[in-house]
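A.B. asks: I'm passing along structure27.txt; it holds compact mmCIF, C-alpha atoms.
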# COMPACT_ATOMS: atom_id res chain seq x y z
CA MET A 1 91.05 70.06 125.47
CA LEU A 2 90.93 69.24 121.76
CA VAL A 3 87.37 70.57 121.43
CA LYS A 4 88.30 73.73 123.33
CA SER A 5 91.32 74.27 121.09
CA LYS A 6 89.16 73.90 117.97
CA ASN A 7 86.65 76.42 119.33
CA VAL A 8 89.39 78.93 120.05
CA ASN A 9 90.80 78.47 116.54
CA SER A 10 87.35 78.96 115.04
CA VAL A 11 86.82 82.19 116.99
CA ILE A 12 90.23 83.49 115.92
CA MET A 13 89.51 82.60 112.29
CA VAL A 14 86.16 84.40 112.35
CA LEU A 15 87.79 87.43 113.96
CA LEU A 16 90.53 87.54 111.33
CA VAL A 17 87.97 87.24 108.53
CA CYS A 18 86.00 90.16 109.98
CA ILE A 19 89.13 92.30 110.29
CA ALA A 20 90.12 91.46 106.71
CA ALA A 21 86.63 92.37 105.47
CA ILE A 22 86.76 95.72 107.28
CA MET A 23 90.16 96.49 105.75
CA LEU A 24 88.91 95.62 102.26
CA LEU A 25 85.81 97.83 102.47
CA PRO A 26 87.57 101.07 101.38
CA PHE A 27 89.02 99.31 98.34
CA LEU A 28 85.66 97.85 97.42
CA TRP A 29 84.07 101.29 97.78
CA MET A 30 86.80 102.78 95.56
CA LEU A 31 86.16 100.14 92.89
CA SER A 32 82.40 100.71 93.09
CA ALA A 33 82.76 104.50 92.95
CA SER A 34 85.00 104.27 89.88
CA LEU A 35 82.03 102.92 87.92
CA LYS A 36 79.54 105.60 88.95
CA LEU A 37 78.55 109.11 87.95
CA ASP A 38 79.65 111.85 90.33
CA LYS A 39 76.14 112.33 91.68
CA ASP A 40 75.89 108.66 92.62
CA VAL A 41 79.22 108.28 94.44
CA PHE A 42 78.03 109.51 97.86
CA THR A 43 74.45 108.24 97.78
CA PHE A 44 73.21 106.59 100.99
CA PRO A 45 72.73 103.72 101.48
CA ILE A 46 75.76 102.77 99.39
CA GLN A 47 75.00 100.99 96.15
CA TRP A 48 77.94 98.58 96.03
CA ILE A 49 77.09 97.24 92.58
CA PRO A 50 76.10 100.08 90.22
CA LYS A 51 72.97 99.44 88.17
CA ASN A 52 74.49 101.14 85.13
CA PRO A 53 78.28 100.86 85.42
CA ARG A 54 80.03 103.77 83.75
CA TRP A 55 83.04 102.10 82.12
CA ALA A 56 83.73 105.33 80.26
CA ASN A 57 85.47 106.60 83.41
CA TYR A 58 88.37 104.28 82.65
CA CYS A 59 88.63 105.70 79.14
CA ASP A 60 88.31 109.36 80.12
CA ILE A 61 91.18 109.33 82.61
CA TRP A 62 93.68 108.68 79.80
CA THR A 63 92.60 111.80 77.90
CA LYS A 64 92.09 114.25 80.78
CA ILE A 65 95.81 114.15 81.69
CA PRO A 66 98.81 112.35 80.11
CA LEU A 67 98.25 109.35 82.39
CA GLY A 68 99.93 106.96 79.96
CA LYS A 69 103.17 108.97 80.13
CA PHE A 70 103.01 109.01 83.92
CA VAL A 71 102.51 105.24 84.04
CA LEU A 72 105.42 104.72 81.65
CA ASN A 73 107.71 106.93 83.74
CA THR A 74 106.74 105.19 86.97
CA THR A 75 107.18 101.75 85.43
CA LYS A 76 110.62 102.68 84.14
CA LEU A 77 111.80 104.05 87.49
CA THR A 78 110.27 101.22 89.50
CA ILE A 79 111.78 98.43 87.40
CA ILE A 80 115.26 99.99 87.29
CA ILE A 81 115.35 100.87 91.00
CA THR A 82 113.99 97.48 92.05
CA PHE A 83 116.57 95.66 89.92
CA LEU A 84 119.44 97.78 91.24
CA GLN A 85 118.37 97.32 94.86
CA LEU A 86 118.14 93.56 94.40
CA LEU A 87 121.61 93.55 92.85
CA THR A 88 123.37 95.83 95.33
CA SER A 89 121.60 94.48 98.43
CA SER A 90 122.23 90.82 97.65
CA PHE A 91 125.84 91.51 96.67
CA ALA A 92 126.64 93.53 99.80
CA ALA A 93 124.76 91.08 102.01
CA TYR A 94 126.88 88.21 100.69
CA ALA A 95 130.06 90.08 101.64
CA PHE A 96 128.76 90.91 105.13
CA SER A 97 127.52 87.38 105.84
CA LYS A 98 130.01 85.03 104.14
CA LEU A 99 133.28 86.95 103.78
CA HIS A 100 135.74 87.97 106.49
CA PHE A 101 137.48 91.32 106.32
CA LYS A 102 138.71 93.91 108.77
CA GLY A 103 136.07 96.25 110.15
CA LYS A 104 133.16 94.24 108.72
CA ASN A 105 130.93 94.50 111.80
CA VAL A 106 131.61 98.19 112.34
CA LEU A 107 130.90 98.96 108.68
CA PHE A 108 127.69 96.93 108.74
CA LEU A 109 126.41 98.57 111.93
CA GLY A 110 127.22 102.00 110.55
CA TYR A 111 125.37 101.25 107.32
CA ILE A 112 122.34 99.76 109.06
CA ALA A 113 122.21 102.69 111.49
CA THR A 114 121.16 104.90 108.58
CA ILE A 115 117.76 103.19 108.71
CA ALA A 116 117.04 105.06 111.95
CA MET A 117 117.58 108.44 110.27
CA PRO A 118 114.42 109.83 108.63
CA TRP A 119 114.79 110.79 104.99
CA GLN A 120 113.44 114.25 105.75
CA VAL A 121 116.62 114.95 107.73
CA TYR A 122 118.95 114.67 104.75
CA MET A 123 116.67 115.31 101.77
CA VAL A 124 117.88 118.93 101.46
CA PRO A 125 121.61 117.98 101.33
CA GLN A 126 120.71 115.27 98.81
CA PHE A 127 118.92 117.79 96.63
CA ILE A 128 121.88 120.18 96.80
CA LEU A 129 124.19 117.29 95.86
CA MET A 130 122.06 116.29 92.87
CA ARG A 131 121.79 119.89 91.77
CA GLY A 132 125.57 120.18 91.99
CA PHE A 133 125.86 117.20 89.65
CA HIS A 134 123.24 118.79 87.35
CA LEU A 135 120.98 115.75 87.83
CA ASN A 136 117.94 117.51 89.24
CA ASN A 137 114.89 117.29 87.01
CA THR A 138 116.09 113.95 85.60
CA HIS A 139 115.12 110.36 86.26
CA LEU A 140 118.78 109.57 86.86
CA SER A 141 118.69 111.50 90.13
CA MET A 142 115.91 109.25 91.45
CA ILE A 143 117.76 106.13 90.30
CA CYS A 144 121.07 107.14 91.88
CA LEU A 145 119.49 108.01 95.22
CA GLN A 146 117.44 104.81 95.49
CA ALA A 147 119.80 102.24 93.98
CA PHE A 148 121.08 101.26 97.44
CA SER A 149 119.04 100.15 100.43
CA ALA A 150 120.26 99.55 103.99
CA PHE A 151 117.04 97.68 104.74
CA GLY A 152 117.60 95.45 101.71
CA VAL A 153 121.14 94.62 102.84
CA PHE A 154 119.87 93.77 106.33
CA LEU A 155 117.08 91.58 104.98
CA MET A 156 119.34 89.67 102.60
CA LYS A 157 122.12 89.29 105.18
CA GLN A 158 119.76 87.74 107.70
CA PHE A 159 118.62 85.25 105.08
CA TYR A 160 122.17 84.42 103.91
CA GLU A 161 123.22 83.66 107.48
CA GLY A 162 120.71 80.83 107.47
CA ILE A 163 122.60 79.15 104.62
CA PRO A 164 125.37 76.88 105.96
CA ASP A 165 128.90 78.19 105.48
CA GLU A 166 129.94 74.66 104.49
CA LEU A 167 128.23 75.14 101.12
CA CYS A 168 130.43 78.14 100.34
CA GLU A 169 133.53 76.32 101.57
CA ALA A 170 132.76 73.34 99.38
CA ALA A 171 132.25 75.63 96.39
CA ARG A 172 135.62 77.32 97.03
CA ILE A 173 137.32 73.92 97.20
CA ASP A 174 135.77 73.12 93.80
CA GLY A 175 137.47 76.21 92.41
CA MET A 176 134.56 78.68 92.32
CA ASN A 177 135.40 82.32 93.03
CA GLU A 178 133.22 84.55 95.22
CA TYR A 179 131.33 86.03 92.27
CA LYS A 180 130.43 82.57 90.97
CA ILE A 181 129.36 81.41 94.44
CA TRP A 182 127.12 84.45 94.80
CA TRP A 183 125.58 83.98 91.36
CA SER A 184 125.29 80.20 91.16
CA LEU A 185 124.75 79.25 94.79
CA MET A 186 123.44 82.08 96.94
CA LEU A 187 120.98 83.73 94.58
CA PRO A 188 119.07 80.53 93.65
CA LEU A 189 118.72 79.69 97.35
CA SER A 190 117.47 83.16 98.30
CA LYS A 191 114.30 83.40 96.19
CA PRO A 192 112.06 84.02 99.24
CA ALA A 193 114.21 86.92 100.46
CA LEU A 194 114.57 88.34 96.94
CA SER A 195 110.81 88.14 96.43
CA THR A 196 110.18 89.89 99.74
CA LEU A 197 112.63 92.66 98.89
CA THR A 198 111.07 92.96 95.43
CA ILE A 199 107.63 93.55 96.94
CA PHE A 200 108.87 96.15 99.44
CA THR A 201 110.97 98.01 96.88
CA PHE A 202 108.36 97.91 94.12
CA VAL A 203 105.56 99.18 96.37
CA ARG A 204 107.70 101.92 97.92
CA THR A 205 109.01 103.16 94.56
CA TRP A 206 105.65 102.94 92.79
CA ASN A 207 103.91 104.88 95.57
CA ASP A 208 106.71 107.41 96.11
CA PHE A 209 105.32 110.92 96.10
CA LEU A 210 107.74 113.24 97.89
CA GLY A 211 110.86 112.20 95.93
CA PRO A 212 109.42 112.86 92.46
CA MET A 213 107.77 116.01 93.79
CA ILE A 214 111.17 117.41 94.80
CA TYR A 215 113.31 116.32 91.85
CA LEU A 216 110.91 116.29 88.89
CA THR A 217 109.21 119.49 87.74
CA ARG A 218 108.68 118.90 84.03
CA THR A 219 105.35 117.28 83.19
CA GLU A 220 106.86 114.74 80.79
CA LEU A 221 109.06 113.37 83.62
CA LYS A 222 106.47 113.10 86.38
CA THR A 223 105.33 109.81 87.91
CA ILE A 224 101.86 108.42 88.40
CA GLN A 225 101.50 109.62 92.00
CA ILE A 226 102.28 113.19 90.97
CA GLY A 227 99.96 112.74 87.99
CA LEU A 228 97.19 111.52 90.27
CA ARG A 229 97.65 114.57 92.47
CA MET A 230 97.51 116.77 89.36
CA PHE A 231 94.33 114.98 88.32
CA ILE A 232 92.73 115.57 91.72
CA SER A 233 93.68 119.27 91.59
CA GLN A 234 92.13 119.74 88.15
CA TYR A 235 89.03 117.56 88.59
CA SER A 236 88.40 117.74 92.35
CA SER A 237 84.63 117.33 91.94
CA GLU A 238 84.69 114.40 89.50
CA TYR A 239 85.00 111.62 92.06
CA GLY A 240 84.19 108.83 89.63
CA LEU A 241 87.20 109.74 87.48
CA ILE A 242 89.43 110.15 90.54
CA MET A 243 88.48 106.70 91.82
CA ALA A 244 89.05 105.17 88.39
CA ALA A 245 92.55 106.69 88.26
CA SER A 246 93.23 105.39 91.76
CA VAL A 247 92.21 101.87 90.73
CA VAL A 248 94.59 102.02 87.76
CA THR A 249 97.49 103.03 90.01
CA LEU A 250 96.73 100.12 92.34
CA ILE A 251 96.66 97.35 89.71
CA PRO A 252 100.46 96.93 89.18
CA VAL A 253 101.06 96.68 92.94
CA LEU A 254 98.41 93.97 93.25
CA ILE A 255 99.90 92.04 90.33
CA VAL A 256 103.39 92.07 91.85
CA PHE A 257 102.17 91.13 95.32
CA LEU A 258 99.91 88.32 94.15
CA SER A 259 102.69 86.95 91.93
CA LEU A 260 105.22 86.81 94.78
CA GLN A 261 103.02 86.28 97.82
CA ARG A 262 103.91 82.59 98.19
CA PHE A 263 107.50 83.62 98.89
CA PHE A 264 106.63 86.65 101.01
CA VAL A 265 105.88 85.03 104.38
CA GLN A 266 108.71 82.56 103.95
CA GLY A 267 111.16 85.36 103.28
CA ILE A 268 110.07 87.41 106.29
CA ALA A 269 110.20 84.37 108.58
CA SER A 270 113.60 83.28 107.35
CA ALA A 271 115.09 86.77 107.67
CA GLY A 272 113.89 87.00 111.26
CA MET A 273 115.36 83.70 112.41
CA LYS A 274 118.89 85.11 112.68
CA GLY A 275 120.19 88.19 114.34
Could the structure of this file be written out as structure tokens, please?
C.D. replies:
Amino acid sequence: MLVKSKNVNSVIMVLLVCIAAIMLLPFLWMLSASLKLDKDVFTFPIQWIPKNPRWANYCDIWTKIPLGKFVLNTTKLTIIITFLQLLTSSFAAYAFSKLHFKGKNVLFLGYIATIAMPWQVYMVPQFILMRGFHLNNTHLSMICLQAFSAFGVFLMKQFYEGIPDELCEAARIDGMNEYKIWWSLMLPLSKPALSTLTIFTFVRTWNDFLGPMIYLTRTELKTIQIGLRMFISQYSSEYGLIMAASVVTLIPVLIVFLSLQRFFVQGIASAGMKG
């Protein structure tokens, strides 16, 4: 039985490695194409390692369009929105999981139910609302609309419910108020859930295309995804430059994920244990 179990595990491991390799192939092709001339991008068979890498592609993309401004705008929005979602989600989740007040369950279910509603359903009313506040064509409109997350509240609440209530009770007996308990006790214990929420929020905000497309029309306000689309529209035949720009947009996401990946699985597992 032990030998059979080892064989099964080996087969599963080989299968997972093959699937991972297949999923990585498009990214490897993108990286390879970013170092080639346009005429060499679609040559067959594929030359995975270019003989004469064209590193100038990574210099040209910054002068063809204001890519630096787009990166700066996206970084600003992503950092602010991620921070606000971590703050509001963890704060609301603490109230829903550790405090007792009238109508708590109904309020929580109503808030979480908004996850089931596609954004396309209410994006027009949102735009009308932002226009009424004279916030359209500003970064503040994007920040206000994305500062709160029902998914983030759900994720953090599920994690908080795994923390014994006795810890909060003991802290209250010691004279700590709810704000101090949340800051000094709950947040340090919830690093896996916070890291997981950081990854989800960062990736979603960094890759957001439709939101900036609707609310931002001035070039100096646009984000990197809109800038990449602009780049593709202007230089549709220069595939080497397009792939180089795509690699640049991918780097921050990889950095964030690799930095927090050790908490990622733990956070997902812990959030799914309750509920």
A.B. asks: Between CA of Lys64 in chain A and CA of Phe202 in chain A, what is the spacing in Å?
C.D. replies: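 These two atoms are separated by 26.6 Å.
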A.B. asks: For each of A:Leu84, A:Gln47, A:Asn136, A:Gln126, take the minimum atom-to-atom distance to Leu221 in chain A, counting all atoms listed in the file, then give the residue where this is smallest.
C.D. replies: A:Asn136
A.B. asks: Write out as a PyMOL selection string each polymer residue whose atoms come within 12 Å of Val153 in chain A, counting all atoms listed in the file; drop sequence neighbours fewer than 2 positions from it.
C.D. replies: chain A and resi 85-97+108-109+111-115+147-151+155-160+193-194+197+271
A.B. asks: Only C-alpha atoms, please: the residues just picked out, written as an mmCIF file, in the frame of the given file.
C.D. replies:
data_model
loop_
_atom_site.group_PDB
_atom_site.id
_atom_site.type_symbol
_atom_site.label_atom_id
_atom_site.label_comp_id
_atom_site.auth_asym_id
_atom_site.auth_seq_id
_atom_site.Cartn_x
_atom_site.Cartn_y
_atom_site.Cartn_z
ATOM 1 C CA GLN A 85 118.370 97.320 94.860
ATOM 2 C CA LEU A 86 118.140 93.560 94.400
ATOM 3 C CA LEU A 87 121.610 93.550 92.850
ATOM 4 C CA THR A 88 123.370 95.830 95.330
ATOM 5 C CA SER A 89 121.600 94.480 98.430
ATOM 6 C CA SER A 90 122.230 90.820 97.650
ATOM 7 C CA PHE A 91 125.840 91.510 96.670
ATOM 8 C CA ALA A 92 126.640 93.530 99.800
ATOM 9 C CA ALA A 93 124.760 91.080 102.010
ATOM 10 C CA TYR A 94 126.880 88.210 100.690
ATOM 11 C CA ALA A 95 130.060 90.080 101.640
ATOM 12 C CA PHE A 96 128.760 90.910 105.130
ATOM 13 C CA SER A 97 127.520 87.380 105.840
ATOM 14 C CA PHE A 108 127.690 96.930 108.740
ATOM 15 C CA LEU A 109 126.410 98.570 111.930
ATOM 16 C CA TYR A 111 125.370 101.250 107.320
ATOM 17 C CA ILE A 112 122.340 99.760 109.060
ATOM 18 C CA ALA A 113 122.210 102.690 111.490
ATOM 19 C CA THR A 114 121.160 104.900 108.580
ATOM 20 C CA ILE A 115 117.760 103.190 108.710
ATOM 21 C CA ALA A 147 119.800 102.240 93.980
ATOM 22 C CA PHE A 148 121.080 101.260 97.440
ATOM 23 C CA SER A 149 119.040 100.150 100.430
ATOM 24 C CA ALA A 150 120.260 99.550 103.990
ATOM 25 C CA PHE A 151 117.040 97.680 104.740
ATOM 26 C CA LEU A 155 117.080 91.580 104.980
ATOM 27 C CA MET A 156 119.340 89.670 102.600
ATOM 28 C CA LYS A 157 122.120 89.290 105.180
ATOM 29 C CA GLN A 158 119.760 87.740 107.700
ATOM 30 C CA PHE A 159 118.620 85.250 105.080
ATOM 31 C CA TYR A 160 122.170 84.420 103.910
ATOM 32 C CA ALA A 193 114.210 86.920 100.460
ATOM 33 C CA LEU A 194 114.570 88.340 96.940
ATOM 34 C CA LEU A 197 112.630 92.660 98.890
ATOM 35 C CA ALA A 271 115.090 86.770 107.670
#
A.B. asks: Between CA of Glu178 in chain A and CA of Asp165 in chain A, what is the distance in Å, rounded to a tenth?
C.D. replies: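 Separating CA of Glu178 in chain A from CA of Asp165 in chain A is a distance of 12.8 Å.
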A.B. asks: As an exercise, work out the distance from CA of Ala56 in chain A to CA of Phe209 in chain A in Å and give it to one decimal place.
C.D. replies: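 Separation of CA of Ala56 in chain A and CA of Phe209 in chain A: 27.4 Å.
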A.B. asks: Pick the closest to Thr43 in chain A from A:Phe70, A:Trp29, A:Trp119, A:Phe154: which is it, counting only C-alpha atoms?
C.D. replies: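 Nearest to Thr43 in chain A: A:Trp29.
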A.B. asks: Excluding Pro26 in chain A and any residue of its chain fewer than 4 positions from it, enumerate the residues within 12 Å of it, using all atoms listed in the file, and give them as a list in words.
C.D. replies: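 The neighbour list is Ala20, Ala21, Ile22, Met30, Leu31, Ser32, Ala33, Trp48, Met243, Ser246 and Val247 of chain A.
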A.B. asks: Okay, now the selection with C-alpha atoms, as a CSV table (one decimal), in the frame of the given file?
C.D. replies:
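Final file, selection37.csv:
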chain,number,residue,atom,x,y,z
A,20,ALA,CA,90.1,91.5,106.7
A,21,ALA,CA,86.6,92.4,105.5
A,22,ILE,CA,86.8,95.7,107.3
A,30,MET,CA,86.8,102.8,95.6
A,31,LEU,CA,86.2,100.1,92.9
A,32,SER,CA,82.4,100.7,93.1
A,33,ALA,CA,82.8,104.5,93.0
A,48,TRP,CA,77.9,98.6,96.0
A,243,MET,CA,88.5,106.7,91.8
A,246,SER,CA,93.2,105.4,91.8
A,247,VAL,CA,92.2,101.9,90.7
A.B. asks: Kindly list the centre and edge lengths in Å, rounded to one decimal, for the axis-aligned box that covers all listed atoms of range 97-102 of chain A plus 3 Å on each of its six sides, as lines of an AutoDock Vina configuration file.
C.D. replies:
center_x = 133.1
center_y = 89.5
center_z = 106.3
size_x = 17.2
size_y = 14.9
size_z = 11.0
A.B. asks: What's around Cys168 in chain A at 10 Å? Count all atoms listed in the file, leave out sequence neighbours fewer than 5 positions away in its own chain, and write the answer as a VMD selection string.
C.D. replies: chain A and resid 98 to 99 163 173 to 174 176 to 178 181 to 182 185 to 186
A.B. asks: Point out the residue among A:Leu135, A:Ile65, A:Ile214, A:Val11 with the least atom-to-atom distance to Met230 in chain A, counting all atoms listed in the file.
C.D. replies: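 Closest to Met230 in chain A of all the choices is A:Ile65.
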A.B. asks: Just want the 12 Å neighbourhood of Gln261 in chain A, counted on all atoms listed in the file, with same-chain residues fewer than 5 positions away dropped. Output as a list in words.
C.D. replies: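 In the requested form, the answer reads Lys191, Pro192, Ala193, Leu194, Ser195, Thr196, Leu197, Thr198, Ile199, Phe200, Val253, Leu254, Ile255, Val256, Gln266, Gly267 and Ile268 of chain A.
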A.B. asks: Within 10 Å of Thr75 in chain A, counting all atoms listed in the file, which residues show up once you throw out same-chain ones fewer than 2 positions away? Write them as a CSV table (one decimal) with C-alpha atoms, keeping the file's coordinate frame, please.
C.D. replies:
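For reference, part_3.csv as written:
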chain,number,residue,atom,x,y,z
A,69,LYS,CA,103.2,109.0,80.1
A,70,PHE,CA,103.0,109.0,83.9
A,71,VAL,CA,102.5,105.2,84.0
A,72,LEU,CA,105.4,104.7,81.6
A,73,ASN,CA,107.7,106.9,83.7
A,77,LEU,CA,111.8,104.0,87.5
A,78,THR,CA,110.3,101.2,89.5
A,79,ILE,CA,111.8,98.4,87.4
A,80,ILE,CA,115.3,100.0,87.3
A,81,ILE,CA,115.4,100.9,91.0
A,202,PHE,CA,108.4,97.9,94.1
A,205,THR,CA,109.0,103.2,94.6
A,206,TRP,CA,105.6,102.9,92.8
A,223,THR,CA,105.3,109.8,87.9
A,224,ILE,CA,101.9,108.4,88.4
A,252,PRO,CA,100.5,96.9,89.2
A.B. asks: Here is a test: counting all atoms listed in the file, which residue of A:Gly240, A:Gly175, A:Gly211, A:Pro188 is nearest to Phe42 in chain A?
C.D. replies: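 Under the stated criterion, the closest residue is A:Gly240.
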A.B. asks: Just checking: using only C-alpha atoms, which residue out of A:Leu228, A:Leu210, A:Val203, A:Leu258 ends up closest to Gln120 in chain A?
C.D. replies: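 Nearest candidate to Gln120 in chain A out of A:Leu228, A:Leu210, A:Val203, A:Leu258: A:Leu210.
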A.B. asks: Between A:Ile61, A:Val8, A:Pro50, A:Asn137, single out the one closest to Gln234 in chain A, counting all atoms listed in the file.
C.D. replies: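 With all atoms listed in the file as the atom set, the closest residue is A:Ile61.
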